[in-house]
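Novice: Contents of protein_20.txt (compact mmCIF, C-alpha atoms) are given next:
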# COMPACT_ATOMS: atom_id res chain seq x y z
CA MET A 204 -5.36 -52.77 -66.86
CA MET A 205 -8.58 -54.62 -67.38
CA LEU A 206 -8.29 -58.39 -67.58
CA ALA A 207 -10.74 -60.40 -69.63
CA SER A 208 -11.92 -62.11 -66.44
CA ASP A 209 -12.84 -58.72 -64.95
CA ILE A 210 -15.50 -58.02 -67.55
CA GLN A 211 -17.64 -61.07 -66.71
CA VAL A 212 -19.52 -61.21 -70.02
CA ALA A 213 -21.92 -63.96 -68.98
CA GLN A 214 -22.97 -62.20 -65.78
CA ASN A 215 -23.45 -58.92 -67.62
CA ILE A 216 -25.66 -60.52 -70.27
CA GLY A 217 -27.68 -62.18 -67.52
CA PHE A 218 -27.97 -58.90 -65.68
CA GLY A 219 -29.16 -57.10 -68.82
CA ILE A 220 -31.85 -59.64 -69.65
CA ILE A 221 -33.14 -59.82 -66.07
CA ALA A 222 -33.03 -56.05 -65.63
CA LEU A 223 -35.00 -55.48 -68.84
CA MET A 224 -37.58 -58.03 -67.69
CA MET A 225 -37.85 -56.33 -64.29
CA ILE A 226 -38.26 -52.87 -65.81
CA LEU A 227 -40.98 -54.03 -68.22
CA ALA A 228 -42.79 -55.81 -65.40
CA GLY A 229 -42.37 -52.73 -63.19
CA VAL A 230 -44.06 -50.62 -65.86
CA GLY A 231 -46.80 -53.24 -65.79
CA VAL A 232 -47.21 -52.79 -62.03
CA ILE A 233 -47.61 -49.02 -62.22
CA ALA A 234 -49.46 -48.76 -65.55
CA SER A 235 -51.74 -51.82 -65.72
CA ARG A 236 -55.46 -51.16 -65.73
CA ASN A 237 -56.12 -54.55 -64.18
CA VAL A 238 -55.42 -55.16 -60.48
CA VAL A 239 -54.62 -58.87 -60.87
CA HIS A 240 -52.31 -58.23 -63.84
CA ALA A 241 -50.44 -55.64 -61.77
CA ALA A 242 -50.04 -58.13 -58.89
CA LEU A 243 -48.74 -60.79 -61.28
CA SER A 244 -46.31 -58.30 -62.82
CA LEU A 245 -45.01 -57.68 -59.31
CA VAL A 246 -44.28 -61.43 -59.09
CA VAL A 247 -42.01 -61.05 -62.14
CA VAL A 248 -40.24 -58.07 -60.57
CA MET A 249 -39.64 -60.00 -57.34
CA ALA A 250 -38.40 -63.10 -59.16
CA GLY A 251 -36.05 -60.89 -61.17
CA ALA A 252 -34.85 -59.27 -57.95
CA ALA A 253 -34.15 -62.74 -56.54
CA ALA A 254 -32.09 -63.53 -59.65
CA GLN A 255 -30.15 -60.29 -59.20
CA TYR A 256 -29.44 -61.27 -55.59
CA VAL A 257 -27.88 -64.49 -56.88
CA LEU A 258 -25.70 -62.42 -59.22
CA LEU A 259 -24.71 -60.36 -56.17
CA LYS A 260 -23.66 -63.52 -54.31
CA ALA A 261 -26.52 -63.34 -51.79
CA GLU A 262 -28.09 -66.76 -52.27
CA PHE A 263 -29.73 -66.92 -48.85
CA VAL A 264 -31.51 -63.60 -49.36
CA ALA A 265 -32.57 -64.75 -52.84
CA VAL A 266 -34.16 -67.91 -51.44
CA THR A 267 -35.82 -65.91 -48.65
CA GLN A 268 -37.13 -63.46 -51.25
CA VAL A 269 -38.74 -66.30 -53.20
CA LEU A 270 -40.22 -67.90 -50.06
CA VAL A 271 -41.49 -64.77 -48.32
CA TYR A 272 -42.36 -62.44 -51.20
CA ILE A 273 -43.46 -64.72 -54.01
CA GLY A 274 -44.77 -67.39 -51.68
CA ALA A 275 -46.46 -65.46 -48.89
CA VAL A 276 -46.81 -61.76 -49.67
CA MET A 277 -48.24 -62.27 -53.15
CA VAL A 278 -50.83 -64.74 -51.87
CA LEU A 279 -51.78 -62.11 -49.29
CA PHE A 280 -52.10 -59.51 -52.06
CA LEU A 281 -54.28 -61.77 -54.19
CA PHE A 282 -56.47 -62.43 -51.14
CA GLY A 283 -56.66 -58.67 -50.62
CA VAL A 284 -57.74 -58.16 -54.22
CA MET A 285 -60.31 -60.91 -53.87
CA LEU A 286 -61.76 -59.78 -50.54
CA THR A 287 -62.03 -56.13 -51.52
CA ARG A 288 -63.77 -57.18 -54.72
CA ALA A 289 -61.79 -54.80 -56.87
CA GLN A 290 -63.08 -55.18 -60.40
CA LEU A 291 -61.22 -58.15 -61.80
CA GLY A 292 -61.54 -56.95 -65.38
CA LYS A 293 -60.34 -53.67 -66.79
CA ASP A 294 -60.86 -50.78 -64.44
CA ALA A 295 -60.62 -47.36 -66.05
CA ASP A 296 -60.90 -45.66 -62.67
CA LEU A 297 -57.67 -46.99 -61.15
CA ASN A 298 -55.62 -43.80 -61.36
CA ASN A 299 -56.34 -40.39 -59.92
CA LYS A 300 -55.61 -37.03 -61.45
CA ASN A 301 -52.12 -36.78 -59.96
CA ALA A 302 -50.27 -38.22 -62.97
CA VAL A 303 -49.50 -34.73 -64.24
CA VAL A 304 -47.62 -34.00 -61.01
CA ALA A 305 -46.32 -37.51 -60.30
CA ALA A 306 -44.56 -38.06 -63.64
CA PRO A 307 -42.31 -34.98 -63.37
CA VAL A 308 -41.62 -35.78 -59.70
CA ALA A 309 -40.59 -39.36 -60.51
CA LEU A 310 -38.52 -38.32 -63.54
CA LEU A 311 -36.77 -35.55 -61.60
CA LEU A 312 -36.05 -37.95 -58.74
CA PHE A 313 -34.58 -40.48 -61.16
CA GLY A 314 -32.53 -37.78 -62.84
CA VAL A 315 -31.04 -36.61 -59.56
CA LEU A 316 -30.39 -40.17 -58.37
CA ALA A 317 -28.80 -41.20 -61.68
CA TYR A 318 -26.60 -38.08 -61.72
CA VAL A 319 -25.41 -38.69 -58.15
CA LEU A 320 -24.78 -42.39 -58.72
CA ILE A 321 -22.88 -41.92 -61.99
CA ASP A 322 -20.93 -39.07 -60.44
CA GLY A 323 -20.14 -40.96 -57.23
CA PHE A 324 -19.50 -44.54 -58.38
CA ALA A 325 -18.13 -43.96 -61.87
CA ASP A 326 -16.40 -47.33 -62.44
CA GLU A 327 -16.38 -49.00 -59.06
CA LYS A 328 -16.57 -52.73 -59.56
CA ILE A 329 -18.14 -55.55 -57.66
CA ALA A 330 -15.38 -57.94 -56.65
CA ALA A 331 -15.30 -60.85 -59.06
CA THR A 332 -16.51 -64.17 -57.72
CA THR A 333 -13.65 -66.38 -56.69
CA GLY A 334 -14.19 -70.09 -56.90
CA GLY A 335 -17.30 -71.81 -58.17
CA GLY A 336 -20.46 -69.98 -57.14
CA ALA A 337 -22.02 -70.22 -53.70
CA GLN A 338 -19.84 -70.95 -50.73
CA PRO A 339 -21.60 -73.11 -48.17
CA GLN A 340 -20.26 -71.06 -45.27
CA ASP A 341 -21.93 -67.85 -46.46
CA THR A 342 -25.21 -68.68 -44.76
CA ALA A 343 -23.32 -69.55 -41.60
CA VAL A 344 -21.69 -66.10 -41.70
CA ILE A 345 -25.11 -64.46 -42.03
CA SER A 346 -26.51 -66.44 -39.11
CA ASP A 347 -23.48 -65.51 -36.99
CA LEU A 348 -24.13 -61.86 -37.80
CA ILE A 349 -27.85 -62.08 -37.00
CA PHE A 350 -27.38 -63.83 -33.67
CA LYS A 351 -24.30 -61.92 -32.47
CA PRO A 352 -23.96 -58.22 -33.43
CA TYR A 353 -27.49 -57.81 -34.80
CA LEU A 354 -29.30 -59.71 -32.05
CA LEU A 355 -31.06 -56.67 -30.57
CA PRO A 356 -32.61 -55.62 -33.91
CA PHE A 357 -33.59 -59.25 -34.39
CA TRP A 358 -35.51 -59.19 -31.09
CA ALA A 359 -37.12 -55.89 -32.00
CA LEU A 360 -38.12 -57.35 -35.34
CA SER A 361 -39.65 -60.36 -33.62
CA PHE A 362 -41.83 -58.02 -31.55
CA VAL A 363 -42.75 -56.03 -34.67
CA LEU A 364 -43.87 -59.23 -36.39
CA LEU A 365 -45.82 -60.36 -33.33
CA ALA A 366 -47.51 -56.97 -33.05
CA ALA A 367 -48.28 -57.02 -36.78
CA VAL A 368 -49.83 -60.49 -36.58
CA ILE A 369 -51.98 -59.55 -33.58
CA GLY A 370 -52.88 -56.19 -35.13
CA ALA A 371 -53.88 -57.76 -38.42
CA ILE A 372 -56.09 -60.30 -36.65
CA VAL A 373 -57.75 -57.62 -34.48
CA LEU A 374 -58.32 -55.32 -37.46
CA ALA A 375 -59.66 -57.91 -39.88
CA ARG A 376 -61.78 -59.89 -37.39
CA LYS A 377 -65.51 -59.80 -38.03
CA ASP A 378 -67.71 -58.84 -35.05
CA MET B 1271 -19.75 -56.02 -63.13
CA LEU B 1272 -20.02 -52.34 -62.26
CA ILE B 1273 -21.85 -51.45 -59.10
CA ASN B 1274 -23.65 -48.68 -60.95
CA GLN B 1275 -25.72 -51.03 -63.06
CA PHE B 1276 -27.35 -52.43 -59.93
CA LEU B 1277 -27.71 -49.03 -58.29
CA LEU B 1278 -29.32 -47.52 -61.40
CA LEU B 1279 -31.73 -50.46 -61.65
CA GLY B 1280 -32.65 -49.87 -58.00
CA ALA B 1281 -33.10 -46.14 -58.60
CA LEU B 1282 -35.34 -46.79 -61.61
CA LEU B 1283 -37.52 -49.24 -59.67
CA PHE B 1284 -37.68 -46.77 -56.76
CA CYS B 1285 -38.90 -43.96 -59.01
CA MET B 1286 -41.49 -46.29 -60.60
CA GLY B 1287 -42.72 -47.11 -57.11
CA VAL B 1288 -42.93 -43.42 -56.19
CA TYR B 1289 -44.93 -42.75 -59.36
CA GLY B 1290 -47.26 -45.64 -58.53
CA VAL B 1291 -47.81 -44.45 -54.95
CA LEU B 1292 -48.63 -40.95 -56.18
CA THR B 1293 -50.99 -41.92 -59.02
CA ARG B 1294 -52.87 -45.02 -57.95
CA LYS B 1295 -56.33 -44.60 -56.49
CA ASN B 1296 -56.88 -48.19 -55.36
CA ALA B 1297 -55.34 -48.84 -51.92
CA VAL B 1298 -54.14 -52.34 -52.90
CA MET B 1299 -52.30 -50.86 -55.88
CA VAL B 1300 -50.56 -48.35 -53.59
CA LEU B 1301 -49.36 -51.24 -51.42
CA LEU B 1302 -48.05 -53.00 -54.56
CA SER B 1303 -46.05 -49.89 -55.46
CA ILE B 1304 -44.62 -49.76 -51.92
CA GLU B 1305 -43.38 -53.32 -52.42
CA LEU B 1306 -41.59 -52.10 -55.57
CA ILE B 1307 -39.82 -49.43 -53.48
CA LEU B 1308 -38.79 -51.92 -50.79
CA ASN B 1309 -37.36 -54.29 -53.42
CA SER B 1310 -35.27 -51.52 -54.96
CA VAL B 1311 -33.81 -50.73 -51.53
CA ASN B 1312 -32.88 -54.39 -51.08
CA ILE B 1313 -31.07 -54.42 -54.44
CA ASN B 1314 -29.08 -51.38 -53.32
CA LEU B 1315 -28.14 -52.93 -49.97
CA LEU B 1316 -26.94 -56.16 -51.57
CA ALA B 1317 -25.02 -54.31 -54.29
CA PHE B 1318 -23.08 -52.29 -51.74
CA ASP B 1319 -22.57 -55.47 -49.73
CA ALA B 1320 -21.06 -57.22 -52.77
CA MET B 1321 -18.85 -54.19 -53.39
CA ASN B 1322 -17.50 -54.09 -49.84
CA GLY B 1323 -17.21 -57.86 -49.48
CA GLY B 1324 -19.04 -58.06 -46.15
CA SER B 1325 -22.23 -59.82 -45.13
CA ASP B 1326 -23.93 -57.08 -43.07
CA GLY B 1327 -26.01 -55.95 -46.04
CA ASN B 1328 -27.52 -59.42 -46.31
CA VAL B 1329 -28.70 -59.14 -42.70
CA PHE B 1330 -30.28 -55.73 -43.37
CA ALA B 1331 -31.96 -57.08 -46.51
CA LEU B 1332 -33.43 -59.98 -44.54
CA TYR B 1333 -34.74 -57.56 -41.88
CA ILE B 1334 -36.30 -55.40 -44.60
CA ILE B 1335 -38.04 -58.46 -46.05
CA ALA B 1336 -39.46 -59.27 -42.60
CA VAL B 1337 -40.62 -55.68 -42.01
CA ALA B 1338 -42.20 -55.63 -45.48
CA ALA B 1339 -44.12 -58.81 -44.70
CA ALA B 1340 -45.44 -57.28 -41.46
CA GLU B 1341 -46.31 -54.05 -43.27
CA VAL B 1342 -48.29 -55.88 -45.95
CA GLY B 1343 -50.19 -57.88 -43.31
CA VAL B 1344 -51.28 -54.81 -41.36
CA GLY B 1345 -51.80 -52.73 -44.50
CA LEU B 1346 -54.11 -55.25 -46.12
CA ALA B 1347 -56.01 -55.70 -42.84
CA MET B 1348 -56.59 -51.94 -42.77
CA VAL B 1349 -57.66 -51.92 -46.42
CA LEU B 1350 -60.08 -54.76 -45.65
CA LEU B 1351 -61.51 -52.82 -42.71
CA ILE B 1352 -61.95 -49.69 -44.84
CA TYR B 1353 -63.64 -51.77 -47.52
CA ARG B 1354 -65.98 -53.35 -44.95
CA ASN B 1355 -67.01 -49.97 -43.56
CA ARG B 1356 -67.32 -48.02 -46.80
CA LYS B 1357 -67.69 -50.58 -49.63
CA SER B 1358 -64.87 -48.82 -51.47
CA ILE B 1359 -61.08 -48.70 -51.25
CA SER B 1360 -60.64 -45.59 -53.34
CA LEU B 1361 -58.14 -43.44 -51.47
CA ASP B 1362 -59.62 -40.25 -52.93
CA ASP B 1363 -62.84 -40.89 -51.00
CA LEU B 1364 -61.05 -41.02 -47.64
CA SER B 1365 -61.14 -37.30 -46.99
CA GLU B 1366 -62.57 -36.96 -43.47
CA MET B 1367 -59.33 -35.41 -42.25
CA LYS B 1368 -59.61 -32.56 -44.75
CA GLY B 1369 -60.06 -29.26 -42.89
Please render this file's structure as structure tokens.

Specialist:
Amino acid sequence: MMLASDIQVAQNIGFGIIALMMILAGVGVIASRNVVHAALSLVVVMAGAAAQYVLLKAEFVAVTQVLVYIGAVMVLFLFGVMLTRAQLGKDADLNNKNAVVAAPVALLLFGVLAYVLIDGFADEKIAATTGGGAQPQDTAVISDLIFKPYLLPFWALSFVLLAAVIGAIVLARKD
Amino acid sequence: MLINQFLLLGALLFCMGVYGVLTRKNAVMVLLSIELILNSVNINLLAFDAMNGGSDGNVFALYIIAVAAAEVGVGLAMVLLIYRNRKSISLDDLSEMKG
């Protein structure tokens, strides 16, 4: 039997609004004729994703998403747009001739994914939130996981980041 | 909340990203589409995490965010280098490897 508390009307309405916003902004990213507009649409998608993470009870990841993606990565992208002097106005020459192939590929991929997901997870539910919102110990649990069982990947990731920083400096340096 | 609503949102964003990677000519736009794909993967990880009630998915999502940041740094440096050498970042013009 389905209890009224299982349906979570407020969360579902929030999900619907945010998801619609993300999809519209995603269409903006892939269809905009203006590079800066596409980058700013991506900001909306990332902010929406952060809101979805809050709905999924992952507050720490949501805050990290806002800090790293919206704060750092987008600034990097706007610098990239600026330094490569892509036309800041409308640019009719932004797409290549592959749309005829890419649209069926993307639609087919979505069809297969949607079929598999609906077939596989018909009405599996996300466990309802117990208690009022974020639990302060959640972040402590994540840090325990990072620094105990996932310590080796964490080290590897540190080296990846170091290599990326050095590589980016070496590549972009002028001389 | 059903898990499928999050998974279908992730699948839709993933397919949009694939379409963008395949159609865009400007290298910066291709990198933007790759960010779309990485975000959809993160939504999937956190949805499964919420379904199973663990916290491992959060750790994976954080690692993906870090890898994405590194990827964007190196990717934009490469785009900048290509622009400096050729005064263009159109991917269709980069055809030296064609046999």

Novice: At a cut-off of 6 Å, which residues of chain A touch chain B? Count all atoms listed in the file and give the answer as an NGL selection string.

Specialist: :A and (233 or 259 or 297-299 or 301-302 or 305 or 309 or 313 or 327-329 or 364 or 367 or 371 or 374-375)

Novice: Starting from 4 Å padding per side, set up an axis-aligned box that covers all listed atoms of range 1338-1343 of chain B and hand over centre and edge lengths in Å, one decimal, as lines of an AutoDock Vina configuration file.

Specialist:
center_x = -46.2
center_y = -56.4
center_z = -43.7
size_x = 16.0
size_y = 12.8
size_z = 12.5

Novice: Quick one: distance from CA of Ala252 in chain A to CA of Ala275 in chain A in Å, one decimal?

Specialist: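 Separation of CA of Ala252 in chain A and CA of Ala275 in chain A: 16.0 Å.
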
Novice: Rank nothing, just name the residue among A:Ile372, A:Leu360, A:Asn237, A:Gln211 nearest to Val284 in chain A, using all atoms listed in the file.

Specialist: A:Asn237

Novice: I'd like the interatomic distance between CA of Asp347 in chain A and CA of Ile1307 in chain B, to a tenth of an Å.

Specialist: 28.2 Å

Novice: When you draw a straight line from CA of Gly229 in chain A to CA of Ala325 in chain A, how long is it in Å?

Specialist: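 Separation of CA of Gly229 in chain A and CA of Ala325 in chain A: 25.8 Å.
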
Novice: Taking 5 positions as the minimum chain separation for residues in the same chain, which residues sit within 8 Å of Ala228 in chain A when counting only C-alpha atoms? Answer as a list in words.

Specialist: Ser244, Leu245, Val247 and Val248 of chain A
